[in-house]
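**Student:** Below you'll find structure-v2.pdb; it's PDB, C-alpha atoms (C1' of nucleotides).
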MODEL        1
ATOM      1  CA  MET O   1     -18.057  -1.184  11.316
ATOM      2  CA  VAL O   2     -20.984  -2.070  13.508
ATOM      3  CA  PHE O   3     -23.101  -0.348  10.874
ATOM      4  CA  ALA O   4     -21.864  -2.783   8.250
ATOM      5  CA  LEU O   5     -22.438  -5.750  10.526
ATOM      6  CA  ASP O   6     -25.990  -4.592  11.184
ATOM      7  CA  VAL O   7     -26.603  -4.729   7.458
ATOM      8  CA  PHE O   8     -24.847  -7.926   6.373
ATOM      9  CA  GLY O   9     -23.291  -9.434   9.493
ATOM     10  CA  ASP O  10     -25.017 -12.764   9.151
ATOM     11  CA  ARG O  11     -24.626 -15.965   7.268
ATOM     12  CA  TRP O  12     -26.964 -15.272   4.356
ATOM     13  CA  SER O  13     -27.040 -11.581   3.486
ATOM     14  CA  LEU O  14     -23.627 -11.597   1.865
ATOM     15  CA  LEU O  15     -24.460 -14.666  -0.205
ATOM     16  CA  VAL O  16     -27.573 -12.939  -1.490
ATOM     17  CA  ILE O  17     -25.513  -9.867  -2.313
ATOM     18  CA  ARG O  18     -22.878 -11.986  -4.024
ATOM     19  CA  ASP O  19     -25.467 -13.706  -6.180
ATOM     20  CA  LEU O  20     -26.777 -10.332  -7.213
ATOM     21  CA  ALA O  21     -23.295  -9.024  -7.914
ATOM     22  CA  MET O  22     -22.653 -11.977 -10.193
ATOM     23  CA  ARG O  23     -25.951 -11.796 -12.002
ATOM     24  CA  GLU O  24     -26.921  -8.114 -12.064
ATOM     25  CA  SER O  25     -30.560  -9.022 -11.534
ATOM     26  CA  SER O  26     -32.262 -12.019 -10.056
ATOM     27  CA  THR O  27     -35.635 -13.500  -9.240
ATOM     28  CA  TYR O  28     -36.667 -15.274  -6.081
ATOM     29  CA  SER O  29     -36.288 -18.716  -7.599
ATOM     30  CA  GLN O  30     -32.868 -17.882  -9.010
ATOM     31  CA  PHE O  31     -31.623 -17.157  -5.498
ATOM     32  CA  LEU O  32     -32.935 -20.507  -4.343
ATOM     33  CA  ALA O  33     -31.403 -22.282  -7.308
ATOM     34  CA  ALA O  34     -27.985 -20.801  -6.527
ATOM     35  CA  GLY O  35     -27.566 -23.844  -4.388
ATOM     36  CA  GLU O  36     -26.207 -22.332  -1.186
ATOM     37  CA  GLY O  37     -29.015 -24.005   0.702
ATOM     38  CA  ILE O  38     -30.865 -20.967   1.992
ATOM     39  CA  SER O  39     -34.404 -21.780   3.049
ATOM     40  CA  THR O  40     -37.362 -19.983   1.580
ATOM     41  CA  ASN O  41     -38.424 -18.150   4.710
ATOM     42  CA  VAL O  42     -34.936 -16.855   5.445
ATOM     43  CA  LEU O  43     -34.517 -15.743   1.847
ATOM     44  CA  ALA O  44     -37.779 -13.810   1.966
ATOM     45  CA  ASP O  45     -36.685 -12.194   5.220
ATOM     46  CA  ARG O  46     -33.226 -11.231   3.923
ATOM     47  CA  LEU O  47     -34.632  -9.733   0.732
ATOM     48  CA  LYS O  48     -37.019  -7.664   2.818
ATOM     49  CA  ARG O  49     -34.303  -6.501   5.204
ATOM     50  CA  LEU O  50     -31.756  -5.722   2.501
ATOM     51  CA  GLU O  51     -34.339  -3.762   0.576
ATOM     52  CA  ALA O  52     -35.238  -1.815   3.726
ATOM     53  CA  LYS O  53     -31.561  -1.036   4.279
ATOM     54  CA  GLY O  54     -31.195   0.241   0.739
ATOM     55  CA  ILE O  55     -28.833  -2.467  -0.470
ATOM     56  CA  LEU O  56     -31.090  -3.853  -3.141
ATOM     57  CA  SER O  57     -34.231  -2.798  -4.965
ATOM     58  CA  LYS O  58     -37.273  -4.769  -5.952
ATOM     59  CA  GLU O  59     -39.110  -4.021  -9.147
ATOM     60  CA  PRO O  60     -41.813  -5.781 -11.123
ATOM     61  CA  ASP O  61     -40.541  -7.974 -13.913
ATOM     62  CA  PRO O  62     -41.444  -6.249 -17.186
ATOM     63  CA  GLU O  63     -41.776  -9.579 -18.982
ATOM     64  CA  HIS O  64     -43.720 -11.606 -16.455
ATOM     65  CA  ALA O  65     -46.602  -9.935 -14.676
ATOM     66  CA  GLY O  66     -46.692 -10.654 -10.983
ATOM     67  CA  ARG O  67     -43.007 -11.501 -10.728
ATOM     68  CA  SER O  68     -40.294  -9.349  -9.258
ATOM     69  CA  ARG O  69     -36.652  -8.804 -10.036
ATOM     70  CA  TYR O  70     -34.063  -7.783  -7.497
ATOM     71  CA  ARG O  71     -30.955  -5.772  -8.240
ATOM     72  CA  LEU O  72     -28.234  -3.992  -6.295
ATOM     73  CA  THR O  73     -28.522  -0.295  -5.571
ATOM     74  CA  PRO O  74     -25.368   1.849  -5.851
ATOM     75  CA  LYS O  75     -24.974   1.429  -2.100
ATOM     76  CA  GLY O  76     -25.111  -2.312  -2.550
ATOM     77  CA  ARG O  77     -22.771  -2.258  -5.501
ATOM     78  CA  ASP O  78     -20.296  -0.398  -3.335
ATOM     79  CA  LEU O  79     -19.976  -3.602  -1.303
ATOM     80  CA  LEU O  80     -18.106  -5.230  -4.153
ATOM     81  CA  PRO O  81     -14.662  -4.441  -2.725
ATOM     82  CA  VAL O  82     -15.704  -6.187   0.482
ATOM     83  CA  LEU O  83     -16.797  -9.231  -1.503
ATOM     84  CA  LEU O  84     -13.586  -9.178  -3.505
ATOM     85  CA  GLU O  85     -11.449  -9.158  -0.374
ATOM     86  CA  MET O  86     -13.449 -11.985   1.147
ATOM     87  CA  ILE O  87     -13.161 -14.039  -2.026
ATOM     88  CA  ARG O  88      -9.441 -13.285  -2.177
ATOM     89  CA  TRP O  89      -9.025 -14.412   1.424
ATOM     90  CA  SER O  90     -11.036 -17.577   0.834
ATOM     91  CA  ALA O  91      -9.079 -18.407  -2.286
ATOM     92  CA  LYS O  92      -5.832 -17.967  -0.406
ATOM     93  CA  HIS O  93      -6.647 -19.864   2.772
ATOM     94  CA  ASP O  94      -9.228 -22.461   1.829
ATOM     95  CA  PRO O  95      -7.359 -25.705   1.184
ATOM     96  CA  GLU O  96     -10.293 -26.917  -0.882
ATOM     97  CA  SER O  97     -10.764 -23.737  -2.805
ATOM     98  CA  PRO O  98     -12.478 -24.312  -6.151
ATOM     99  CA  ILE O  99     -10.183 -21.676  -7.605
ATOM    100  CA  PRO O 100      -7.272 -23.140  -9.588
ATOM    101  CA  ALA O 101      -3.892 -22.668  -7.940
ATOM    102  CA  ASP O 102      -2.438 -20.644 -10.794
ATOM    103  CA  LEU O 103      -5.262 -18.169 -10.516
ATOM    104  CA  ARG O 104      -4.468 -17.519  -6.876
ATOM    105  CA  ALA O 105      -1.307 -15.657  -7.780
ATOM    106  CA  THR O 106      -3.312 -13.407 -10.063
ATOM    107  CA  PHE O 107      -5.686 -12.857  -7.166
ATOM    108  CA  GLU O 108      -2.884 -11.391  -5.118
ATOM    109  CA  SER O 109      -1.781  -8.913  -7.739
ATOM    110  CA  ASP O 110      -5.029  -8.073  -9.525
ATOM    111  CA  PRO O 111      -8.149  -9.407  -7.786
ATOM    112  CA  ARG O 112     -10.603  -7.947 -10.262
ATOM    113  CA  ALA O 113      -8.910  -9.476 -13.260
ATOM    114  CA  ALA O 114      -8.733 -12.819 -11.479
ATOM    115  CA  ILE O 115     -12.419 -12.708 -10.637
ATOM    116  CA  ALA O 116     -13.303 -12.005 -14.237
ATOM    117  CA  GLU O 117     -11.116 -14.839 -15.455
ATOM    118  CA  TRP O 118     -12.457 -17.177 -12.866
ATOM    119  CA  LEU O 119     -16.081 -16.359 -13.612
ATOM    120  CA  ALA O 120     -15.364 -17.106 -17.218
ATOM    121  CA  LEU O 121     -14.214 -20.563 -16.185
ATOM    122  CA  LEU O 122     -17.101 -21.509 -13.984
ATOM    123  CA  SER O 123     -19.828 -19.084 -13.184
ATOM    124  CA  SER O 124     -22.151 -21.248 -11.182
ATOM    125  CA  ARG O 125     -20.013 -22.931  -8.577
ATOM    126  CA  PRO O 126     -19.951 -22.010  -4.876
ATOM    127  CA  THR O 127     -16.851 -20.192  -3.671
TER     128      THR O 127
ATOM    129  CA  MET L   1     -16.538 -17.257  -0.132
ATOM    130  CA  VAL L   2     -18.537 -19.783   1.799
ATOM    131  CA  PHE L   3     -15.241 -20.702   3.439
ATOM    132  CA  ALA L   4     -14.872 -17.154   4.725
ATOM    133  CA  LEU L   5     -18.471 -17.086   5.934
ATOM    134  CA  ASP L   6     -17.913 -20.329   7.818
ATOM    135  CA  VAL L   7     -15.091 -18.635   9.686
ATOM    136  CA  PHE L   8     -16.481 -15.181  10.419
ATOM    137  CA  GLY L   9     -19.958 -15.080   8.949
ATOM    138  CA  ASP L  10     -21.629 -14.125  12.169
ATOM    139  CA  ARG L  11     -22.234 -11.049  14.220
ATOM    140  CA  TRP L  12     -19.336 -11.369  16.688
ATOM    141  CA  SER L  13     -16.341 -13.001  15.060
ATOM    142  CA  LEU L  14     -15.417  -9.961  13.028
ATOM    143  CA  LEU L  15     -15.706  -7.660  16.029
ATOM    144  CA  VAL L  16     -13.323  -9.904  17.945
ATOM    145  CA  ILE L  17     -10.932  -9.857  15.005
ATOM    146  CA  ARG L  18     -11.200  -6.101  14.704
ATOM    147  CA  ASP L  19     -10.434  -5.620  18.371
ATOM    148  CA  LEU L  20      -7.354  -7.758  17.939
ATOM    149  CA  ALA L  21      -6.315  -5.919  14.811
ATOM    150  CA  MET L  22      -6.504  -2.639  16.677
ATOM    151  CA  ARG L  23      -4.693  -3.829  19.757
ATOM    152  CA  GLU L  24      -2.242  -6.457  18.529
ATOM    153  CA  SER L  25      -2.868  -8.531  21.636
ATOM    154  CA  SER L  26      -5.744  -8.730  24.040
ATOM    155  CA  THR L  27      -7.016 -10.482  27.145
ATOM    156  CA  TYR L  28     -10.455 -11.856  27.782
ATOM    157  CA  SER L  29     -11.525  -8.887  29.863
ATOM    158  CA  GLN L  30     -10.244  -6.439  27.287
ATOM    159  CA  PHE L  31     -12.581  -7.950  24.718
ATOM    160  CA  LEU L  32     -15.468  -7.577  27.125
ATOM    161  CA  ALA L  33     -14.483  -4.007  27.924
ATOM    162  CA  ALA L  34     -14.441  -3.100  24.231
ATOM    163  CA  GLY L  35     -18.082  -2.285  24.761
ATOM    164  CA  GLU L  36     -19.686  -4.014  21.813
ATOM    165  CA  GLY L  37     -21.946  -5.878  24.192
ATOM    166  CA  ILE L  38     -20.819  -9.425  23.544
ATOM    167  CA  SER L  39     -21.808 -11.805  26.310
ATOM    168  CA  THR L  40     -19.238 -13.877  28.145
ATOM    169  CA  ASN L  41     -20.323 -17.283  26.896
ATOM    170  CA  VAL L  42     -20.446 -16.161  23.277
ATOM    171  CA  LEU L  43     -17.031 -14.544  23.606
ATOM    172  CA  ALA L  44     -15.563 -17.750  25.007
ATOM    173  CA  ASP L  45     -17.135 -19.703  22.178
ATOM    174  CA  ARG L  46     -15.847 -17.346  19.467
ATOM    175  CA  LEU L  47     -12.330 -17.349  20.861
ATOM    176  CA  LYS L  48     -12.373 -21.124  20.851
ATOM    177  CA  ARG L  49     -13.727 -21.346  17.324
ATOM    178  CA  LEU L  50     -11.407 -18.725  15.893
ATOM    179  CA  GLU L  51      -8.436 -20.410  17.494
ATOM    180  CA  ALA L  52      -9.528 -23.757  16.061
ATOM    181  CA  LYS L  53      -9.813 -22.145  12.625
ATOM    182  CA  GLY L  54      -6.317 -20.736  12.889
ATOM    183  CA  ILE L  55      -7.335 -17.084  12.948
ATOM    184  CA  LEU L  56      -5.949 -16.278  16.358
ATOM    185  CA  SER L  57      -3.594 -17.882  18.842
ATOM    186  CA  LYS L  58      -3.803 -18.155  22.589
ATOM    187  CA  GLU L  59      -0.690 -17.999  24.713
ATOM    188  CA  PRO L  60      -0.048 -17.664  28.426
ATOM    189  CA  ASP L  61       0.578 -14.126  29.578
ATOM    190  CA  PRO L  62       4.261 -13.881  30.490
ATOM    191  CA  GLU L  63       3.550 -11.252  33.141
ATOM    192  CA  HIS L  64       0.514 -12.730  34.852
ATOM    193  CA  ALA L  65       0.506 -16.411  35.575
ATOM    194  CA  GLY L  66      -2.771 -18.103  34.764
ATOM    195  CA  ARG L  67      -3.868 -15.466  32.285
ATOM    196  CA  SER L  68      -3.893 -15.744  28.523
ATOM    197  CA  ARG L  69      -3.306 -13.322  25.694
ATOM    198  CA  TYR L  70      -4.833 -13.622  22.265
ATOM    199  CA  ARG L  71      -3.275 -12.387  19.063
ATOM    200  CA  LEU L  72      -3.895 -12.713  15.349
ATOM    201  CA  THR L  73      -2.069 -15.353  13.336
ATOM    202  CA  PRO L  74      -0.790 -14.411   9.864
ATOM    203  CA  LYS L  75      -3.968 -15.940   8.469
ATOM    204  CA  GLY L  76      -5.980 -13.687  10.757
ATOM    205  CA  ARG L  77      -3.892 -10.648   9.947
ATOM    206  CA  ASP L  78      -4.600 -11.308   6.291
ATOM    207  CA  LEU L  79      -8.217 -10.400   7.044
ATOM    208  CA  LEU L  80      -7.230  -6.771   7.479
ATOM    209  CA  PRO L  81      -8.123  -5.816   3.899
ATOM    210  CA  VAL L  82     -11.606  -7.207   4.502
ATOM    211  CA  LEU L  83     -11.922  -5.139   7.662
ATOM    212  CA  LEU L  84     -10.612  -2.066   5.875
ATOM    213  CA  GLU L  85     -13.189  -2.394   3.132
ATOM    214  CA  MET L  86     -15.975  -2.875   5.628
ATOM    215  CA  ILE L  87     -14.862   0.154   7.617
ATOM    216  CA  ARG L  88     -14.582   2.157   4.419
ATOM    217  CA  TRP L  89     -18.113   1.149   3.441
ATOM    218  CA  SER L  90     -19.483   1.974   6.875
ATOM    219  CA  ALA L  91     -17.753   5.338   6.909
ATOM    220  CA  LYS L  92     -19.210   6.139   3.516
ATOM    221  CA  HIS L  93     -22.788   5.016   4.048
ATOM    222  CA  ASP L  94     -23.464   5.336   7.761
ATOM    223  CA  PRO L  95     -25.147   8.702   8.309
ATOM    224  CA  GLU L  96     -24.050   8.611  11.927
ATOM    225  CA  SER L  97     -20.523   7.524  11.242
ATOM    226  CA  PRO L  98     -18.152   8.519  14.034
ATOM    227  CA  ILE L  99     -15.550   9.253  11.392
ATOM    228  CA  PRO L 100     -15.170  12.979  10.658
ATOM    229  CA  ALA L 101     -16.443  14.024   7.251
ATOM    230  CA  ASP L 102     -13.099  15.316   6.046
ATOM    231  CA  LEU L 103     -11.506  11.966   6.770
ATOM    232  CA  ARG L 104     -14.004  10.186   4.555
ATOM    233  CA  ALA L 105     -12.431  11.627   1.459
ATOM    234  CA  THR L 106      -9.073  10.289   2.553
ATOM    235  CA  PHE L 107     -10.754   6.944   3.054
ATOM    236  CA  GLU L 108     -11.664   6.819  -0.585
ATOM    237  CA  SER L 109      -8.174   7.522  -1.848
ATOM    238  CA  ASP L 110      -5.966   5.921   0.795
ATOM    239  CA  PRO L 111      -7.883   3.789   3.299
ATOM    240  CA  ARG L 112      -4.837   2.691   5.252
ATOM    241  CA  ALA L 113      -3.604   6.205   5.825
ATOM    242  CA  ALA L 114      -7.098   7.271   6.868
ATOM    243  CA  ILE L 115      -7.349   4.423   9.344
ATOM    244  CA  ALA L 116      -4.026   5.353  10.903
ATOM    245  CA  GLU L 117      -5.077   8.970  11.169
ATOM    246  CA  TRP L 118      -8.421   8.075  12.560
ATOM    247  CA  LEU L 119      -7.009   5.699  15.143
ATOM    248  CA  ALA L 120      -4.720   8.471  16.279
ATOM    249  CA  LEU L 121      -7.810  10.586  16.914
ATOM    250  CA  LEU L 122      -9.835   8.099  18.849
ATOM    251  CA  SER L 123      -8.691   4.552  19.319
ATOM    252  CA  SER L 124     -11.451   3.203  21.513
ATOM    253  CA  ARG L 125     -14.687   4.211  19.857
ATOM    254  CA  PRO L 126     -16.977   1.851  17.953
ATOM    255  CA  THR L 127     -16.953   2.223  14.193
TER     256      THR L 127
ATOM    257  C1'  DG U   1      -5.676 -17.551  54.646
ATOM    258  C1'  DC U   2      -8.895 -14.456  52.584
ATOM    259  C1'  DG U   3     -11.000 -11.287  49.663
ATOM    260  C1'  DA U   4     -10.928  -9.377  45.100
ATOM    261  C1'  DG U   5     -10.264  -9.668  40.425
ATOM    262  C1'  DC U   6      -9.816 -12.607  36.229
ATOM    263  C1'  DG U   7     -11.243 -16.186  32.938
ATOM    264  C1'  DC U   8     -14.213 -18.676  31.974
ATOM    265  C1'  DT U   9     -18.672 -22.321  32.485
ATOM    266  C1'  DT U  10     -23.477 -23.384  33.514
ATOM    267  C1'  DG U  11     -28.584 -22.854  33.444
ATOM    268  C1'  DC U  12     -32.343 -21.057  31.576
ATOM    269  C1'  DA U  13     -35.475 -17.859  28.915
ATOM    270  C1'  DT U  14     -35.789 -15.665  24.416
ATOM    271  C1'  DT U  15     -34.712 -15.208  19.648
ATOM    272  C1'  DT U  16     -33.294 -16.879  15.250
ATOM    273  C1'  DT U  17     -32.935 -20.588  12.085
ATOM    274  C1'  DG U  18     -34.194 -24.629   9.110
ATOM    275  C1'  DA U  19     -37.297 -28.020   6.946
ATOM    276  C1'  DA U  20     -41.536 -28.782   5.207
ATOM    277  C1'  DA U  21     -45.950 -27.851   3.922
ATOM    278  C1'  DG U  22     -49.434 -24.612   2.400
ATOM    279  C1'  DC U  23     -51.545 -20.934  -0.388
ATOM    280  C1'  DG U  24     -52.772 -17.252  -3.670
ATOM    281  C1'  DT U  25     -51.801 -15.508  -8.372
ATOM    282  C1'  DC U  26     -50.569 -15.964 -13.117
ATOM    283  C1'  DG U  27     -50.144 -18.177 -17.652
ATOM    284  C1'  DC U  28     -50.937 -22.113 -20.454
ATOM    285  C1'  DC U  29     -53.569 -25.794 -22.541
ATOM    286  C1'  DC U  30     -57.551 -27.953 -23.899
TER     287       DC U  30
ATOM    288  C1'  DG C   1     -63.439 -21.147 -19.099
ATOM    289  C1'  DG C   2     -61.675 -24.445 -15.995
ATOM    290  C1'  DG C   3     -57.896 -27.475 -14.537
ATOM    291  C1'  DC C   4     -52.908 -27.499 -13.754
ATOM    292  C1'  DG C   5     -48.302 -26.175 -13.011
ATOM    293  C1'  DA C   6     -44.809 -22.847 -11.694
ATOM    294  C1'  DC C   7     -43.665 -19.004  -9.052
ATOM    295  C1'  DG C   8     -43.285 -16.190  -4.885
ATOM    296  C1'  DC C   9     -43.805 -16.174  -0.939
ATOM    297  C1'  DT C  10     -46.088 -17.304   4.312
ATOM    298  C1'  DT C  11     -46.957 -20.374   8.056
ATOM    299  C1'  DT C  12     -45.908 -23.937  11.358
ATOM    300  C1'  DC C  13     -43.128 -26.137  14.415
ATOM    301  C1'  DA C  14     -38.772 -28.241  16.073
ATOM    302  C1'  DA C  15     -33.848 -27.294  16.778
ATOM    303  C1'  DA C  16     -30.025 -24.346  17.364
ATOM    304  C1'  DA C  17     -27.936 -19.947  18.665
ATOM    305  C1'  DT C  18     -28.033 -15.993  21.723
ATOM    306  C1'  DG C  19     -28.379 -13.105  25.991
ATOM    307  C1'  DC C  20     -28.481 -12.681  30.805
ATOM    308  C1'  DA C  21     -27.242 -13.856  35.306
ATOM    309  C1'  DA C  22     -25.076 -16.580  38.466
ATOM    310  C1'  DG C  23     -21.389 -19.600  39.802
ATOM    311  C1'  DC C  24     -16.651 -21.383  40.249
ATOM    312  C1'  DG C  25     -11.656 -22.319  40.283
ATOM    313  C1'  DC C  26      -7.319 -19.842  40.142
ATOM    314  C1'  DT C  27      -3.922 -16.346  41.391
ATOM    315  C1'  DC C  28      -2.243 -12.335  43.585
ATOM    316  C1'  DG C  29      -1.890  -8.701  47.241
ATOM    317  C1'  DC C  30      -2.420  -8.158  51.809
TER     318       DC C  30
ENDMDL
END
Kindly present the structure from the file in structure tokens form.
**Tutor:**
Amino acid sequence: MVFALDVFGDRWSLLVIRDLAMRESSTYSQFLAAGEGISTNVLADRLKRLEAKGILSKEPDPEHAGRSRYRLTPKGRDLLPVLLEMIRWSAKHDPESPIPADLRATFESDPRAAIAEWLALLSSRPT
Amino acid sequence: MVFALDVFGDRWSLLVIRDLAMRESSTYSQFLAAGEGISTNVLADRLKRLEAKGILSKEPDPEHAGRSRYRLTPKGRDLLPVLLEMIRWSAKHDPESPIPADLRATFESDPRAAIAEWLALLSSRPT
DNA sequence: GCGAGCGCTTGCATTTTGAAAGCGTCGCCC
DNA sequence: GGGCGACGCTTTCAAAATGCAAGCGCTCGC
């Protein structure tokens, strides 16, 4: 597990990964606009580290020269179950969870379905 | 998910929780002896924070006066699926995983069974 | 009582973080 | 074709977190 913690055992890496999981592909400014409050230097550092660790890939934006898009690699996508369990735990134990109470039951039985339903409700609010 | 990261979104909290999950109950020196390299002041701080967050409880050791034992609360025990997924991911993607190759397949199909089997093999090695 | 753990706390140097400003490149508009 | 934003970072510097080592009160065995 130390291996996992070396990769994303800090405050921001998992939020970056979550943004990517929710959006499939993202630009630098989209990460910043996600509203978690990450600062520009830390974001640049995390993107560099996560790319070096093989969690995400950086490629030039085909539409805008000079811009880049980030997306999860298969290795990064394989972190989704971890994210799901963390979101499930948050939904269950956070008294101020933004997730409606009736959805929490669904979370227990079928997390993936609940996530889908929840994202349909509000796709841009912090968990 | 920010709620979860507030609780254990750092390098050490999850290692403390994992130690507790593997041992059911632990003393201060047992955490230190787990060999992850946590320093004494940080350990004391994490135990305090995790207790305040309701993840673990501290109780006097019935056998040794003046000593304490720590154990997971139900809320803390509910983090086990998160740990399992992280261990699964590490086992799958860490090229130097201490988990035998044949066990990795089991991990994919039945993580809990694999964990039990693996713990039977070696219960005190870092993952 | 006294020496050896145990369970922390304290002090201090080093590292990481956060806030803000700066800077080069690209595309647009005139 | 030159000025002007927006974008994608980098730099600077103060503040917070971490790591290391030492210290300190308590209890237990002798």
**Student:** Quick one: residues within 10 Å of DC26 of chain C, all atoms listed in the file counted, chain neighbours fewer than 4 positions away excluded, as a PDB file with C-alpha atoms (C1' of nucleotides), in the frame of the given file?
**Tutor:**
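This went into around-v7.pdb:
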ATOM      1  CA  ALA L  65       0.506 -16.411  35.575  1.00  0.00           C
ATOM      2  CA  GLY L  66      -2.771 -18.103  34.764  1.00  0.00           C
ATOM      3  CA  ARG L  67      -3.868 -15.466  32.285  1.00  0.00           C
TER       4      ARG L  67
ATOM      5  C1'  DC U   6      -9.816 -12.607  36.229  1.00  0.00           C
ATOM      6  C1'  DG U   7     -11.243 -16.186  32.938  1.00  0.00           C
TER       7       DG U   7
END
**Student:** Check what the PyMOL selection byres ((chain C) within 9 of (chain O)) selects in the file above and give those residues as a PyMOL selection string.
**Tutor:** chain C and resi 7-10
**Student:** Chain U near chain L within 12 Å: what's each residue's closest atom pair and its distance in Å to one decimal, counting only C-alpha atoms (C1' of nucleotides), ordered by chain then ascending residue number, as a Markdown table?
**Tutor:**
| residue | atom | partner | partner_atom | distance |
| --- | --- | --- | --- | --- |
| U:DG5 | C1' | L:Ser29 | CA | 10.7 |
| U:DC6 | C1' | L:Ser29 | CA | 7.6 |
| U:DG7 | C1' | L:Tyr28 | CA | 6.8 |
| U:DC8 | C1' | L:Ala44 | CA | 7.2 |
| U:DT9 | C1' | L:Asn41 | CA | 7.7 |
| U:DT10 | C1' | L:Asn41 | CA | 9.5 |
| U:DG11 | C1' | L:Asn41 | CA | 11.9 |
**Student:** Rounded to one decimal in Å, what is the spacing between atom CA of Ala4 of chain L and atom CA of Pro95 of chain L?
**Tutor:**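 Computing it gives 28.1 Å between the two atoms.
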**Student:** Can you turn the PyMOL selection byres ((chain L and resi 75) around 12) into a concrete residue list for this file, as a ChimeraX atom specification?
**Tutor:** /O:89-90,92-94 /L:4,7,17,50-51,53-57,71-74,76-81
**Student:** Give as a ChimeraX atom specification the residues that the PyMOL selection byres ((chain O) within 9 of (chain L)) matches when applied to the coordinates above.
**Tutor:** /O:1-6,8-12,14-15,36,75,78-79,81-91,93-94,97,126-127
**Student:** So how far away is atom CA of Gly35 of chain O from atom C1' of DT25 of chain U, in Å?
**Tutor:** 25.9 Å
**Student:** Any idea what the distance is between atom CA of Leu47 of chain O and atom C1' of DC23 of chain U?
**Tutor:**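 Atom-to-atom, atom CA of Leu47 of chain O to atom C1' of DC23 of chain U, that is 20.3 Å.
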**Student:** Give me the residues near DC30 of chain C as an mmCIF file with C-alpha atoms (C1' of nucleotides), in the coordinates of the input, where near means some atom within 12 Å (using only C-alpha atoms (C1' of nucleotides)) and where sequence neighbours in that chain fewer than 4 positions away do not count.
**Tutor:**
data_model
loop_
_atom_site.group_PDB
_atom_site.id
_atom_site.type_symbol
_atom_site.label_atom_id
_atom_site.label_comp_id
_atom_site.auth_asym_id
_atom_site.auth_seq_id
_atom_site.Cartn_x
_atom_site.Cartn_y
_atom_site.Cartn_z
ATOM 1 C "C1'" DG U 1 -5.676 -17.551 54.646
ATOM 2 C "C1'" DC U 2 -8.895 -14.456 52.584
ATOM 3 C "C1'" DG U 3 -11.000 -11.287 49.663
ATOM 4 C "C1'" DA U 4 -10.928 -9.377 45.100
#
**Student:** At a cut-off of 12 Å, using all atoms listed in the file, what residues contact DC28 of chain U? Leave out same-chain residues fewer than 4 positions from it and give the result as a PyMOL selection string.
**Tutor:** chain C and resi 2-6
**Student:** For segment 66-77 of chain L, supply N, CA and C atoms and report the output as a PDB file, keeping the file's coordinate frame.
**Tutor:**
ATOM      1  N   GLY L  66      -1.368 -17.694  34.794  1.00  0.00           N
ATOM      2  CA  GLY L  66      -2.771 -18.103  34.764  1.00  0.00           C
ATOM      3  C   GLY L  66      -3.615 -17.329  33.791  1.00  0.00           C
ATOM      4  N   ARG L  67      -3.101 -16.210  33.277  1.00  0.00           N
ATOM      5  CA  ARG L  67      -3.868 -15.466  32.285  1.00  0.00           C
ATOM      6  C   ARG L  67      -3.390 -15.792  30.892  1.00  0.00           C
ATOM      7  N   SER L  68      -4.261 -15.491  29.921  1.00  0.00           N
ATOM      8  CA  SER L  68      -3.893 -15.744  28.523  1.00  0.00           C
ATOM      9  C   SER L  68      -3.952 -14.449  27.727  1.00  0.00           C
ATOM     10  N   ARG L  69      -3.207 -14.424  26.645  1.00  0.00           N
ATOM     11  CA  ARG L  69      -3.306 -13.322  25.694  1.00  0.00           C
ATOM     12  C   ARG L  69      -3.642 -13.908  24.333  1.00  0.00           C
ATOM     13  N   TYR L  70      -4.455 -13.184  23.605  1.00  0.00           N
ATOM     14  CA  TYR L  70      -4.833 -13.622  22.265  1.00  0.00           C
ATOM     15  C   TYR L  70      -4.203 -12.677  21.268  1.00  0.00           C
ATOM     16  N   ARG L  71      -3.763 -13.243  20.138  1.00  0.00           N
ATOM     17  CA  ARG L  71      -3.275 -12.387  19.063  1.00  0.00           C
ATOM     18  C   ARG L  71      -3.581 -13.037  17.723  1.00  0.00           C
ATOM     19  N   LEU L  72      -3.577 -12.209  16.684  1.00  0.00           N
ATOM     20  CA  LEU L  72      -3.895 -12.713  15.349  1.00  0.00           C
ATOM     21  C   LEU L  72      -2.747 -13.541  14.794  1.00  0.00           C
ATOM     22  N   THR L  73      -3.059 -14.611  14.116  1.00  0.00           N
ATOM     23  CA  THR L  73      -2.069 -15.353  13.336  1.00  0.00           C
ATOM     24  C   THR L  73      -1.892 -14.623  12.003  1.00  0.00           C
ATOM     25  N   PRO L  74      -0.915 -15.017  11.207  1.00  0.00           N
ATOM     26  CA  PRO L  74      -0.790 -14.411   9.864  1.00  0.00           C
ATOM     27  C   PRO L  74      -2.081 -14.551   9.061  1.00  0.00           C
ATOM     28  N   LYS L  75      -2.694 -15.718   9.164  1.00  0.00           N
ATOM     29  CA  LYS L  75      -3.968 -15.940   8.469  1.00  0.00           C
ATOM     30  C   LYS L  75      -5.024 -14.937   8.940  1.00  0.00           C
ATOM     31  N   GLY L  76      -5.039 -14.661  10.225  1.00  0.00           N
ATOM     32  CA  GLY L  76      -5.980 -13.687  10.757  1.00  0.00           C
ATOM     33  C   GLY L  76      -5.617 -12.272  10.344  1.00  0.00           C
ATOM     34  N   ARG L  77      -4.337 -11.979  10.331  1.00  0.00           N
ATOM     35  CA  ARG L  77      -3.892 -10.648   9.947  1.00  0.00           C
ATOM     36  C   ARG L  77      -4.216 -10.374   8.483  1.00  0.00           C
TER      37      ARG L  77
END
